[in-house]
$ cat upload.cif   # mmCIF, C-alpha atoms
data_structure
loop_
_atom_site.label_atom_id
_atom_site.label_comp_id
_atom_site.auth_asym_id
_atom_site.auth_seq_id
_atom_site.Cartn_x
_atom_site.Cartn_y
_atom_site.Cartn_z
CA MET A 1 23.08 -0.42 21.31
CA THR A 2 22.20 -1.64 17.83
CA VAL A 3 25.48 -0.49 16.24
CA LEU A 4 28.79 -1.05 18.02
CA LEU A 5 32.28 0.35 17.41
CA ASP A 6 35.53 -1.28 18.49
CA ARG A 7 39.20 -0.78 17.70
CA ASP A 8 41.96 -3.29 17.02
CA GLY A 9 45.13 -1.32 16.43
CA PRO A 10 44.68 0.72 13.23
CA VAL A 11 41.39 -1.02 12.41
CA THR A 12 37.92 0.18 13.36
CA VAL A 13 35.36 -2.61 13.64
CA ILE A 14 31.75 -1.52 13.15
CA SER A 15 29.18 -4.17 14.07
CA LEU A 16 25.44 -4.32 13.59
CA ASN A 17 24.12 -5.54 16.92
CA ARG A 18 20.57 -6.75 16.56
CA PRO A 19 21.15 -10.51 16.42
CA GLU A 20 17.61 -11.46 17.42
CA LYS A 21 16.43 -9.80 14.17
CA LEU A 22 19.36 -11.09 12.08
CA ASN A 23 20.65 -7.51 12.21
CA ALA A 24 17.78 -6.28 10.03
CA TRP A 25 18.20 -2.55 10.21
CA THR A 26 16.05 0.48 10.83
CA ALA A 27 16.54 4.06 9.65
CA GLY A 28 18.03 4.90 13.05
CA MET A 29 20.65 2.16 12.72
CA ARG A 30 21.65 3.36 9.29
CA GLU A 31 22.03 6.95 10.51
CA ARG A 32 24.30 5.73 13.32
CA LEU A 33 26.34 3.76 10.78
CA ILE A 34 26.80 6.91 8.71
CA GLU A 35 28.08 8.78 11.76
CA LEU A 36 30.58 6.05 12.64
CA LEU A 37 31.80 5.68 9.06
CA ARG A 38 32.42 9.41 8.77
CA GLU A 39 34.18 9.49 12.14
CA SER A 40 36.40 6.60 11.04
CA GLY A 41 37.21 8.35 7.80
CA ALA A 42 38.24 11.51 9.62
CA ALA A 43 40.34 9.80 12.33
CA PRO A 44 44.05 9.83 11.38
CA GLU A 45 44.78 6.84 13.62
CA VAL A 46 42.34 4.65 11.68
CA GLY A 47 43.87 2.91 8.68
CA ALA A 48 41.04 0.57 7.67
CA VAL A 49 37.47 -0.37 8.57
CA VAL A 50 35.83 -3.76 9.10
CA LEU A 51 32.05 -4.13 8.80
CA THR A 52 30.30 -7.11 10.40
CA GLY A 53 27.22 -8.28 12.27
CA ALA A 54 26.57 -9.89 15.64
CA GLY A 55 25.32 -13.45 15.92
CA ARG A 56 24.54 -15.58 12.88
CA ALA A 57 23.87 -12.81 10.36
CA PHE A 58 25.74 -10.00 8.67
CA CYS A 59 22.53 -8.12 7.87
CA ALA A 60 19.16 -9.45 6.74
CA GLY A 61 18.33 -6.10 5.14
CA GLN A 62 15.45 -3.78 5.89
CA ASP A 63 13.31 -4.37 8.98
CA LEU A 64 10.02 -4.96 7.19
CA GLY A 65 8.10 -3.94 10.28
CA GLU A 66 9.28 -0.39 9.63
CA THR A 67 8.48 -0.17 5.92
CA ALA A 68 5.23 -2.16 5.85
CA ALA A 69 3.40 0.85 7.26
CA ILE A 70 4.43 3.33 4.55
CA ASP A 71 1.32 5.14 3.26
CA PRO A 72 0.78 4.35 -0.46
CA ASP A 73 0.19 8.07 -1.10
CA ASP A 74 3.20 9.29 0.88
CA HIS A 75 5.79 9.76 -1.86
CA ALA A 76 7.93 11.88 0.47
CA ALA A 77 8.31 8.94 2.85
CA SER A 78 9.35 6.66 0.01
CA ASP A 79 11.88 9.23 -1.25
CA ALA A 80 13.27 9.75 2.26
CA TRP A 81 13.76 6.01 2.61
CA ILE A 82 15.78 5.88 -0.62
CA ASP A 83 17.76 8.99 0.37
CA GLY A 84 18.75 7.28 3.62
CA PHE A 85 20.31 4.41 1.71
CA ASP A 86 22.00 6.85 -0.66
CA ARG A 87 23.69 8.56 2.29
CA LEU A 88 24.74 5.23 3.80
CA TYR A 89 26.15 3.82 0.58
CA ARG A 90 28.04 7.03 -0.11
CA ALA A 91 29.42 7.01 3.43
CA VAL A 92 31.04 3.66 2.61
CA LEU A 93 32.15 4.60 -0.89
CA ASP A 94 33.56 7.96 0.24
CA LEU A 95 35.99 6.38 2.69
CA ASP A 96 39.54 6.83 1.43
CA LYS A 97 40.53 3.93 3.69
CA PRO A 98 40.12 0.24 2.84
CA VAL A 99 36.87 -1.42 3.92
CA VAL A 100 36.62 -5.16 4.59
CA ALA A 101 33.29 -6.93 5.20
CA ALA A 102 33.37 -9.84 7.64
CA VAL A 103 30.33 -11.67 6.27
CA ASN A 104 29.59 -13.96 9.20
CA GLY A 105 26.13 -15.13 8.10
CA VAL A 106 23.15 -14.17 5.98
CA ALA A 107 23.54 -10.99 3.91
CA ALA A 108 20.27 -10.25 2.15
CA GLY A 109 18.56 -7.36 0.41
CA SER A 110 20.04 -4.01 1.33
CA GLY A 111 22.34 -5.86 3.75
CA PHE A 112 23.71 -7.76 0.76
CA GLN A 113 24.19 -4.49 -1.10
CA PHE A 114 25.98 -3.03 1.92
CA ALA A 115 28.42 -5.96 1.94
CA LEU A 116 29.12 -5.52 -1.77
CA LEU A 117 30.21 -1.92 -1.14
CA ALA A 118 33.22 -3.16 0.83
CA ASP A 119 36.52 -3.37 -1.01
CA LEU A 120 37.03 -6.98 0.11
CA ARG A 121 34.58 -9.51 1.58
CA ILE A 122 35.54 -12.50 3.71
CA GLY A 123 32.99 -15.17 4.60
CA HIS A 124 32.51 -18.87 5.31
CA ALA A 125 30.87 -21.79 3.51
CA GLY A 126 27.58 -21.43 5.40
CA VAL A 127 27.04 -17.81 4.42
CA ARG A 128 23.88 -17.07 2.44
CA MET A 129 23.88 -14.03 0.17
CA GLY A 130 21.35 -12.60 -2.24
CA GLN A 131 18.69 -10.11 -3.21
CA PRO A 132 15.27 -11.46 -2.12
CA GLU A 133 13.47 -8.11 -2.10
CA VAL A 134 11.17 -9.04 -4.99
CA LEU A 135 9.71 -11.81 -2.81
CA SER A 136 8.40 -9.10 -0.46
CA GLY A 137 6.98 -7.01 -3.28
CA ILE A 138 9.92 -4.56 -3.20
CA PRO A 139 11.58 -3.72 -6.55
CA SER A 140 15.34 -4.27 -6.52
CA ILE A 141 16.73 -1.08 -8.06
CA THR A 142 19.81 -0.10 -6.06
CA GLY A 143 20.43 -3.84 -5.83
CA ILE A 144 20.88 -3.96 -9.59
CA TRP A 145 23.50 -1.22 -9.32
CA ALA A 146 25.34 -2.97 -6.47
CA MET A 147 25.47 -6.31 -8.29
CA TRP A 148 26.08 -5.20 -11.86
CA ASN A 149 29.86 -4.72 -11.87
CA ILE A 150 30.44 -7.96 -9.97
CA LEU A 151 27.91 -10.28 -11.57
CA GLY A 152 27.20 -8.80 -15.00
CA ARG A 153 23.81 -8.67 -16.70
CA ALA A 154 22.88 -12.35 -16.71
CA LYS A 155 23.51 -13.11 -13.04
CA THR A 156 22.25 -9.71 -11.87
CA THR A 157 18.98 -10.43 -13.67
CA GLU A 158 18.78 -13.87 -12.07
CA PHE A 159 19.41 -12.57 -8.55
CA ALA A 160 17.07 -9.60 -8.91
CA LEU A 161 14.15 -11.55 -10.37
CA THR A 162 14.34 -14.87 -8.51
CA GLY A 163 15.36 -13.62 -5.08
CA ARG A 164 17.47 -16.72 -4.51
CA LEU A 165 20.29 -16.81 -1.98
CA VAL A 166 23.61 -18.55 -2.61
CA HIS A 167 25.93 -20.20 -0.12
CA GLY A 168 29.56 -19.30 0.48
CA ALA A 169 31.28 -21.45 -2.14
CA GLU A 170 29.09 -20.15 -4.96
CA ALA A 171 29.34 -16.62 -3.59
CA GLU A 172 33.13 -16.86 -3.77
CA ARG A 173 33.03 -18.31 -7.29
CA LEU A 174 30.85 -15.41 -8.44
CA GLY A 175 33.03 -12.78 -6.79
CA LEU A 176 30.50 -11.85 -4.11
CA LEU A 177 33.04 -13.05 -1.56
CA THR A 178 36.75 -12.44 -1.92
CA ARG A 179 37.83 -15.34 0.28
CA LEU A 180 36.40 -18.21 2.32
CA VAL A 181 37.68 -19.14 5.78
CA GLY A 182 36.38 -21.30 8.62
CA GLU A 183 33.09 -20.22 10.21
CA GLY A 184 34.74 -19.17 13.44
CA GLU A 185 37.59 -17.36 11.69
CA VAL A 186 35.72 -14.77 9.65
CA LEU A 187 36.12 -11.71 11.88
CA ALA A 188 39.74 -12.47 12.77
CA ALA A 189 40.60 -12.98 9.10
CA ALA A 190 38.86 -9.74 8.14
CA ILE A 191 40.73 -7.79 10.82
CA ALA A 192 44.04 -9.34 9.73
CA GLN A 193 43.28 -8.39 6.12
CA ALA A 194 42.32 -4.87 7.19
CA LYS A 195 45.57 -4.47 9.15
CA GLU A 196 47.52 -5.57 6.09
CA LEU A 197 45.72 -2.97 3.97
CA ALA A 198 46.20 -0.30 6.65
CA GLY A 199 49.94 -0.85 6.38
CA LEU A 200 50.01 0.06 2.69
CA PRO A 201 51.02 3.58 1.52
CA ALA A 202 47.94 5.60 2.48
CA GLY A 203 48.22 8.11 -0.35
CA ALA A 204 48.28 5.46 -3.06
CA VAL A 205 45.34 3.66 -1.45
CA ALA A 206 43.31 6.86 -1.20
CA LEU A 207 43.97 7.85 -4.81
CA THR A 208 43.16 4.37 -6.06
CA LYS A 209 39.90 4.32 -4.12
CA GLY A 210 39.14 7.78 -5.43
CA ARG A 211 39.31 6.53 -9.00
CA LEU A 212 37.16 3.52 -8.18
CA ARG A 213 34.63 5.90 -6.63
CA GLU A 214 34.57 8.03 -9.78
CA LEU A 215 33.62 4.97 -11.81
CA GLU A 216 30.65 4.26 -9.52
CA ARG A 217 29.38 7.74 -8.59
CA GLU A 218 27.33 8.45 -11.73
CA ALA A 219 25.81 4.97 -11.76
CA LEU A 220 24.78 5.29 -8.11
CA ALA A 221 23.16 8.68 -8.72
CA ASP A 222 21.23 7.24 -11.66
CA SER A 223 20.20 4.24 -9.57
CA VAL A 224 18.92 6.40 -6.71
CA ALA A 225 16.89 8.58 -9.10
CA ALA A 226 15.39 5.48 -10.71
CA ALA A 227 14.71 3.90 -7.32
CA LYS A 228 12.67 6.92 -6.22
CA LYS A 229 10.44 6.69 -9.30
CA VAL A 230 10.05 2.93 -9.15
CA HIS A 231 9.49 2.69 -5.41
CA ALA A 232 6.95 5.51 -5.49
CA ALA A 233 4.99 3.58 -8.11
CA ALA A 234 5.37 0.32 -6.20
CA TYR A 235 4.23 1.74 -2.88
CA ALA A 236 1.37 3.61 -4.54
CA SER A 237 0.07 0.23 -5.74
CA GLY A 238 0.09 -1.08 -2.17
CA GLU A 239 1.75 -4.36 -3.24
CA PRO A 240 4.91 -4.03 -1.09
CA GLN A 241 2.82 -3.21 1.99
CA ARG A 242 0.56 -6.22 1.39
CA GLU A 243 3.45 -8.61 0.82
CA MET A 244 5.44 -7.36 3.81
CA THR A 245 2.39 -7.57 6.07
CA ARG A 246 1.74 -11.11 4.87
CA PHE A 247 5.37 -12.05 5.55
CA LEU A 248 5.28 -10.57 9.03
CA LYS A 249 2.04 -12.35 9.86
CA GLY A 250 3.48 -15.65 8.65
CA ARG A 251 6.62 -15.16 10.72
CA GLY A 252 4.50 -14.51 13.79
CA LYS A 253 2.70 -17.88 13.57
#

$ encode --input "upload.cif" --output "structure tokens"
Amino acid sequence: MTVLLDRDGPVTVISLNRPEKLNAWTAGMRERLIELLRESGAAPEVGAVVLTGAGRAFCAGQDLGETAAIDPDDHAASDAWIDGFDRLYRAVLDLDKPVVAAVNGVAAGSGFQFALLADLRIGHAGVRMGQPEVLSGIPSITGIWAMWNILGRAKTTEFALTGRLVHGAEAERLGLLTRLVGEGEVLAAAIAQAKELAGLPAGAVALTKGRLRELEREALADSVAAAKKVHAAAYASGEPQREMTRFLKGRGK
């Protein structure tokens, strides 16, 4: 199974389980994540959620083998791809319960964005985080939205245009990570943090998160609408498909 669910007391742990691909996800994995997030939100015995990945990665982002084949003239396919991320991101944001990301390794592209949706993020010094989509010919539109409130204009621009990844210490300094712990302690620390949050007054937590969600909802909707226009233009040019195919061929050597 490529997405796993476990429980530790009041905490649900949802893990991406495709370590051989650095947990790069497919549309099917994201749909399963949405199901598990909604189930966790509806379960009264669940007080908090931890998101993590198996092996040495949190999530390397989109499986390029899936998107490289998108037809340049198939705007519906491009829109459906963006809509899938919209549903996933809203499934995280709509949780009234605290969400902690156990960032155990690389978090890149949409996987990086997914980590930033968590309320708190715990990682280690060897973590690598960033938005390298532009290197594969993919415009970073929802990535700009995800980074903006944490990094501000200058650093968001740098991350979006250069595609560089930063290690744990810099990620913590920039606010991408909330706290650094030892490499082997990330998941345990995230679960402990989640249990602490689950013990807080649930009503106050839910109302606080509701207000935070209000501040982000309009910006996300605008980002999704812009992403559809930009990605349709990008895929119509054929550049993302060419760059992703070139990357996949290079990886196969």

$ residues_around --input "upload.cif" --residues "Gln113 of chain A" --least-positions-apart "5" --cutoff "8 Å" --atoms "all atoms listed in the file" --output "count of residues only"
5

$ closest_residue --input "upload.cif" --among "A:Leu151, A:Ala54, A:Ile82, A:Val92" --to "Leu174 of chain A" --atoms "all atoms listed in the file"
A:Leu151

$ closest_residue --input "upload.cif" --among "A:Gln193, A:Ser223, A:Gln62, A:Gln241" --to "Val49 of chain A" --atoms "only C-alpha atoms"
A:Gln193

$ residues_around --input "upload.cif" --residues "segment 2-4 of chain A" --least-positions-apart "2" --cutoff "6 Å" --atoms "only C-alpha atoms" --output "mmCIF file with C-alpha atoms, in the coordinates of the input"
data_model
loop_
_atom_site.group_PDB
_atom_site.id
_atom_site.type_symbol
_atom_site.label_atom_id
_atom_site.label_comp_id
_atom_site.auth_asym_id
_atom_site.auth_seq_id
_atom_site.Cartn_x
_atom_site.Cartn_y
_atom_site.Cartn_z
ATOM 1 C CA ILE A 14 31.750 -1.520 13.150
ATOM 2 C CA SER A 15 29.180 -4.170 14.070
ATOM 3 C CA LEU A 16 25.440 -4.320 13.590
ATOM 4 C CA ASN A 17 24.120 -5.540 16.920
ATOM 5 C CA ARG A 18 20.570 -6.750 16.560
#

$ closest_residue --input "upload.cif" --among "A:Glu214, A:Asp71, A:Asp6, A:Asp86" --to "Ile34 of chain A" --atoms "only C-alpha atoms"
A:Asp86

$ residues_near_point --input "upload.cif" --point "(33.1, -16.3, 2.6)" --cutoff "10 Å" --atoms "only C-alpha atoms" --output "NGL selection string"
:A and (101-105 or 121-129 or 167-172 or 176-183 or 186)

$ write_last_selection --input "upload.cif" --atoms "C-alpha atoms" --output "PDB file, keeping the file's coordinate frame"
ATOM      1  CA  ALA A 101      33.290  -6.930   5.200  1.00  0.00           C
ATOM      2  CA  ALA A 102      33.370  -9.840   7.640  1.00  0.00           C
ATOM      3  CA  VAL A 103      30.330 -11.670   6.270  1.00  0.00           C
ATOM      4  CA  ASN A 104      29.590 -13.960   9.200  1.00  0.00           C
ATOM      5  CA  GLY A 105      26.130 -15.130   8.100  1.00  0.00           C
ATOM      6  CA  ARG A 121      34.580  -9.510   1.580  1.00  0.00           C
ATOM      7  CA  ILE A 122      35.540 -12.500   3.710  1.00  0.00           C
ATOM      8  CA  GLY A 123      32.990 -15.170   4.600  1.00  0.00           C
ATOM      9  CA  HIS A 124      32.510 -18.870   5.310  1.00  0.00           C
ATOM     10  CA  ALA A 125      30.870 -21.790   3.510  1.00  0.00           C
ATOM     11  CA  GLY A 126      27.580 -21.430   5.400  1.00  0.00           C
ATOM     12  CA  VAL A 127      27.040 -17.810   4.420  1.00  0.00           C
ATOM     13  CA  ARG A 128      23.880 -17.070   2.440  1.00  0.00           C
ATOM     14  CA  MET A 129      23.880 -14.030   0.170  1.00  0.00           C
ATOM     15  CA  HIS A 167      25.930 -20.200  -0.120  1.00  0.00           C
ATOM     16  CA  GLY A 168      29.560 -19.300   0.480  1.00  0.00           C
ATOM     17  CA  ALA A 169      31.280 -21.450  -2.140  1.00  0.00           C
ATOM     18  CA  GLU A 170      29.090 -20.150  -4.960  1.00  0.00           C
ATOM     19  CA  ALA A 171      29.340 -16.620  -3.590  1.00  0.00           C
ATOM     20  CA  GLU A 172      33.130 -16.860  -3.770  1.00  0.00           C
ATOM     21  CA  LEU A 176      30.500 -11.850  -4.110  1.00  0.00           C
ATOM     22  CA  LEU A 177      33.040 -13.050  -1.560  1.00  0.00           C
ATOM     23  CA  THR A 178      36.750 -12.440  -1.920  1.00  0.00           C
ATOM     24  CA  ARG A 179      37.830 -15.340   0.280  1.00  0.00           C
ATOM     25  CA  LEU A 180      36.400 -18.210   2.320  1.00  0.00           C
ATOM     26  CA  VAL A 181      37.680 -19.140   5.780  1.00  0.00           C
ATOM     27  CA  GLY A 182      36.380 -21.300   8.620  1.00  0.00           C
ATOM     28  CA  GLU A 183      33.090 -20.220  10.210  1.00  0.00           C
ATOM     29  CA  VAL A 186      35.720 -14.770   9.650  1.00  0.00           C
TER      30      VAL A 186
END

$ closest_residue --input "upload.cif" --among "A:Asp63, A:Ala236, A:Lys195, A:Asp73" --to "Glu20 of chain A" --atoms "only C-alpha atoms"
A:Asp63

$ closest_residue --input "upload.cif" --among "A:Ile150, A:Met1, A:Ala76, A:Ala190" --to "Thr52 of chain A" --atoms "all atoms listed in the file"
A:Ala190

$ residues_near_point --input "upload.cif" --point "(6.0, -8.6, 0.2)" --cutoff "10 Å" --atoms "all atoms listed in the file" --output "list in words"
Leu64, Ala68, Pro132, Glu133, Val134, Leu135, Ser136, Gly137, Ile138, Gly238, Glu239, Pro240, Gln241, Arg242, Glu243, Met244, Thr245, Arg246, Phe247 and Leu248 of chain A

$ closest_residue --input "upload.cif" --among "A:Val230, A:Val11, A:Leu95, A:Ala198" --to "Gly210 of chain A" --atoms "all atoms listed in the file"
A:Leu95

$ resolve_selection --input "upload.cif" --expression "the PyMOL selection byres ((chain A and resi 21) around 9)" --output "list in words"
Arg18, Pro19, Glu20, Leu22, Asn23, Ala24, Trp25, Ala57, Cys59, Ala60 and Asp63 of chain A

$ atom_distance --input "upload.cif" --atom1 "atom CA of Gly203 of chain A" --atom2 "atom CA of Val100 of chain A"
18.3 Å

$ axis_aligned_box --input "upload.cif" --around "segment 236-250 of chain A" --padding-each-side "3 Å" --output "JSON"
{"center_x": 2.8, "center_y": -6.0, "center_z": 2.1, "size_x": 11.4, "size_y": 25.3, "size_z": 21.6}

$ atom_distance --input "upload.cif" --atom1 "atom CA of Arg32 of chain A" --atom2 "atom CA of Phe114 of chain A"
14.5 Å

$ build_atoms --input "upload.cif" --residues "segment 119-130 of chain A" --atoms "all heavy atoms" --output "mmCIF file, in the coordinates of the input"
data_model
loop_
_atom_site.group_PDB
_atom_site.id
_atom_site.type_symbol
_atom_site.label_atom_id
_atom_site.label_comp_id
_atom_site.auth_asym_id
_atom_site.auth_seq_id
_atom_site.Cartn_x
_atom_site.Cartn_y
_atom_site.Cartn_z
ATOM 1 N N ASP A 119 35.479 -3.097 -0.022
ATOM 2 C CA ASP A 119 36.520 -3.370 -1.010
ATOM 3 C C ASP A 119 36.816 -4.861 -1.106
ATOM 4 O O ASP A 119 37.049 -5.387 -2.193
ATOM 5 C CB ASP A 119 37.798 -2.607 -0.633
ATOM 6 C CG ASP A 119 37.565 -1.108 -0.588
ATOM 7 O OD1 ASP A 119 37.079 -0.555 -1.583
ATOM 8 O OD2 ASP A 119 37.847 -0.489 0.460
ATOM 9 N N LEU A 120 36.805 -5.535 0.049
ATOM 10 C CA LEU A 120 37.030 -6.980 0.110
ATOM 11 C C LEU A 120 35.984 -7.581 1.038
ATOM 12 O O LEU A 120 35.536 -6.933 1.988
ATOM 13 C CB LEU A 120 38.433 -7.295 0.627
ATOM 14 C CG LEU A 120 39.611 -6.738 -0.200
ATOM 15 C CD1 LEU A 120 40.925 -7.033 0.511
ATOM 16 C CD2 LEU A 120 39.625 -7.322 -1.599
ATOM 17 N N ARG A 121 35.615 -8.845 0.791
ATOM 18 C CA ARG A 121 34.580 -9.510 1.580
ATOM 19 C C ARG A 121 35.047 -10.921 1.941
ATOM 20 O O ARG A 121 35.347 -11.721 1.047
ATOM 21 C CB ARG A 121 33.257 -9.572 0.785
ATOM 22 C CG ARG A 121 32.653 -8.202 0.534
ATOM 23 C CD ARG A 121 31.591 -8.252 -0.552
ATOM 24 N NE ARG A 121 32.130 -8.649 -1.855
ATOM 25 C CZ ARG A 121 32.787 -7.840 -2.675
ATOM 26 N NH1 ARG A 121 32.989 -6.569 -2.338
ATOM 27 N NH2 ARG A 121 33.250 -8.276 -3.830
ATOM 28 N N ILE A 122 35.097 -11.199 3.219
ATOM 29 C CA ILE A 122 35.540 -12.500 3.710
ATOM 30 C C ILE A 122 34.353 -13.189 4.390
ATOM 31 O O ILE A 122 33.660 -12.578 5.210
ATOM 32 C CB ILE A 122 36.719 -12.354 4.680
ATOM 33 C CG1 ILE A 122 37.921 -11.750 3.939
ATOM 34 C CG2 ILE A 122 37.095 -13.691 5.313
ATOM 35 C CD1 ILE A 122 39.106 -11.426 4.808
ATOM 36 N N GLY A 123 34.113 -14.446 4.029
ATOM 37 C CA GLY A 123 32.990 -15.170 4.600
ATOM 38 C C GLY A 123 33.323 -16.629 4.803
ATOM 39 O O GLY A 123 34.477 -17.047 4.669
ATOM 40 N N HIS A 124 32.318 -17.439 5.107
ATOM 41 C CA HIS A 124 32.510 -18.870 5.310
ATOM 42 C C HIS A 124 31.503 -19.646 4.453
ATOM 43 O O HIS A 124 30.598 -19.055 3.833
ATOM 44 C CB HIS A 124 32.383 -19.247 6.791
ATOM 45 C CG HIS A 124 31.043 -18.952 7.386
ATOM 46 N ND1 HIS A 124 29.979 -19.828 7.314
ATOM 47 C CD2 HIS A 124 30.576 -17.874 8.083
ATOM 48 C CE1 HIS A 124 28.933 -19.316 7.934
ATOM 49 N NE2 HIS A 124 29.261 -18.129 8.403
ATOM 50 N N ALA A 125 31.661 -20.964 4.423
ATOM 51 C CA ALA A 125 30.870 -21.790 3.510
ATOM 52 C C ALA A 125 29.376 -21.713 3.795
ATOM 53 O O ALA A 125 28.557 -21.878 2.885
ATOM 54 C CB ALA A 125 31.347 -23.242 3.583
ATOM 55 N N GLY A 126 28.994 -21.466 5.051
ATOM 56 C CA GLY A 126 27.580 -21.430 5.400
ATOM 57 C C GLY A 126 26.893 -20.109 5.167
ATOM 58 O O GLY A 126 25.686 -19.984 5.406
ATOM 59 N N VAL A 127 27.623 -19.119 4.715
ATOM 60 C CA VAL A 127 27.040 -17.810 4.420
ATOM 61 C C VAL A 127 25.950 -17.945 3.356
ATOM 62 O O VAL A 127 26.059 -18.765 2.438
ATOM 63 C CB VAL A 127 28.151 -16.852 3.923
ATOM 64 C CG1 VAL A 127 27.576 -15.664 3.182
ATOM 65 C CG2 VAL A 127 29.003 -16.375 5.095
ATOM 66 N N ARG A 128 24.909 -17.139 3.473
ATOM 67 C CA ARG A 128 23.880 -17.070 2.440
ATOM 68 C C ARG A 128 23.753 -15.616 2.002
ATOM 69 O O ARG A 128 23.577 -14.728 2.829
ATOM 70 C CB ARG A 128 22.548 -17.607 2.955
ATOM 71 C CG ARG A 128 22.604 -19.073 3.365
ATOM 72 C CD ARG A 128 21.297 -19.544 3.957
ATOM 73 N NE ARG A 128 20.256 -19.628 2.946
ATOM 74 C CZ ARG A 128 19.008 -19.188 3.119
ATOM 75 N NH1 ARG A 128 18.651 -18.614 4.248
ATOM 76 N NH2 ARG A 128 18.116 -19.316 2.155
ATOM 77 N N MET A 129 23.866 -15.383 0.699
ATOM 78 C CA MET A 129 23.880 -14.030 0.170
ATOM 79 C C MET A 129 22.908 -13.921 -1.012
ATOM 80 O O MET A 129 22.819 -14.837 -1.835
ATOM 81 C CB MET A 129 25.285 -13.631 -0.298
ATOM 82 C CG MET A 129 26.356 -13.742 0.768
ATOM 83 S SD MET A 129 28.006 -13.279 0.167
ATOM 84 C CE MET A 129 27.859 -11.480 0.096
ATOM 85 N N GLY A 130 22.224 -12.789 -1.094
ATOM 86 C CA GLY A 130 21.350 -12.600 -2.240
ATOM 87 C C GLY A 130 20.426 -11.414 -2.084
ATOM 88 O O GLY A 130 20.494 -10.654 -1.120
#
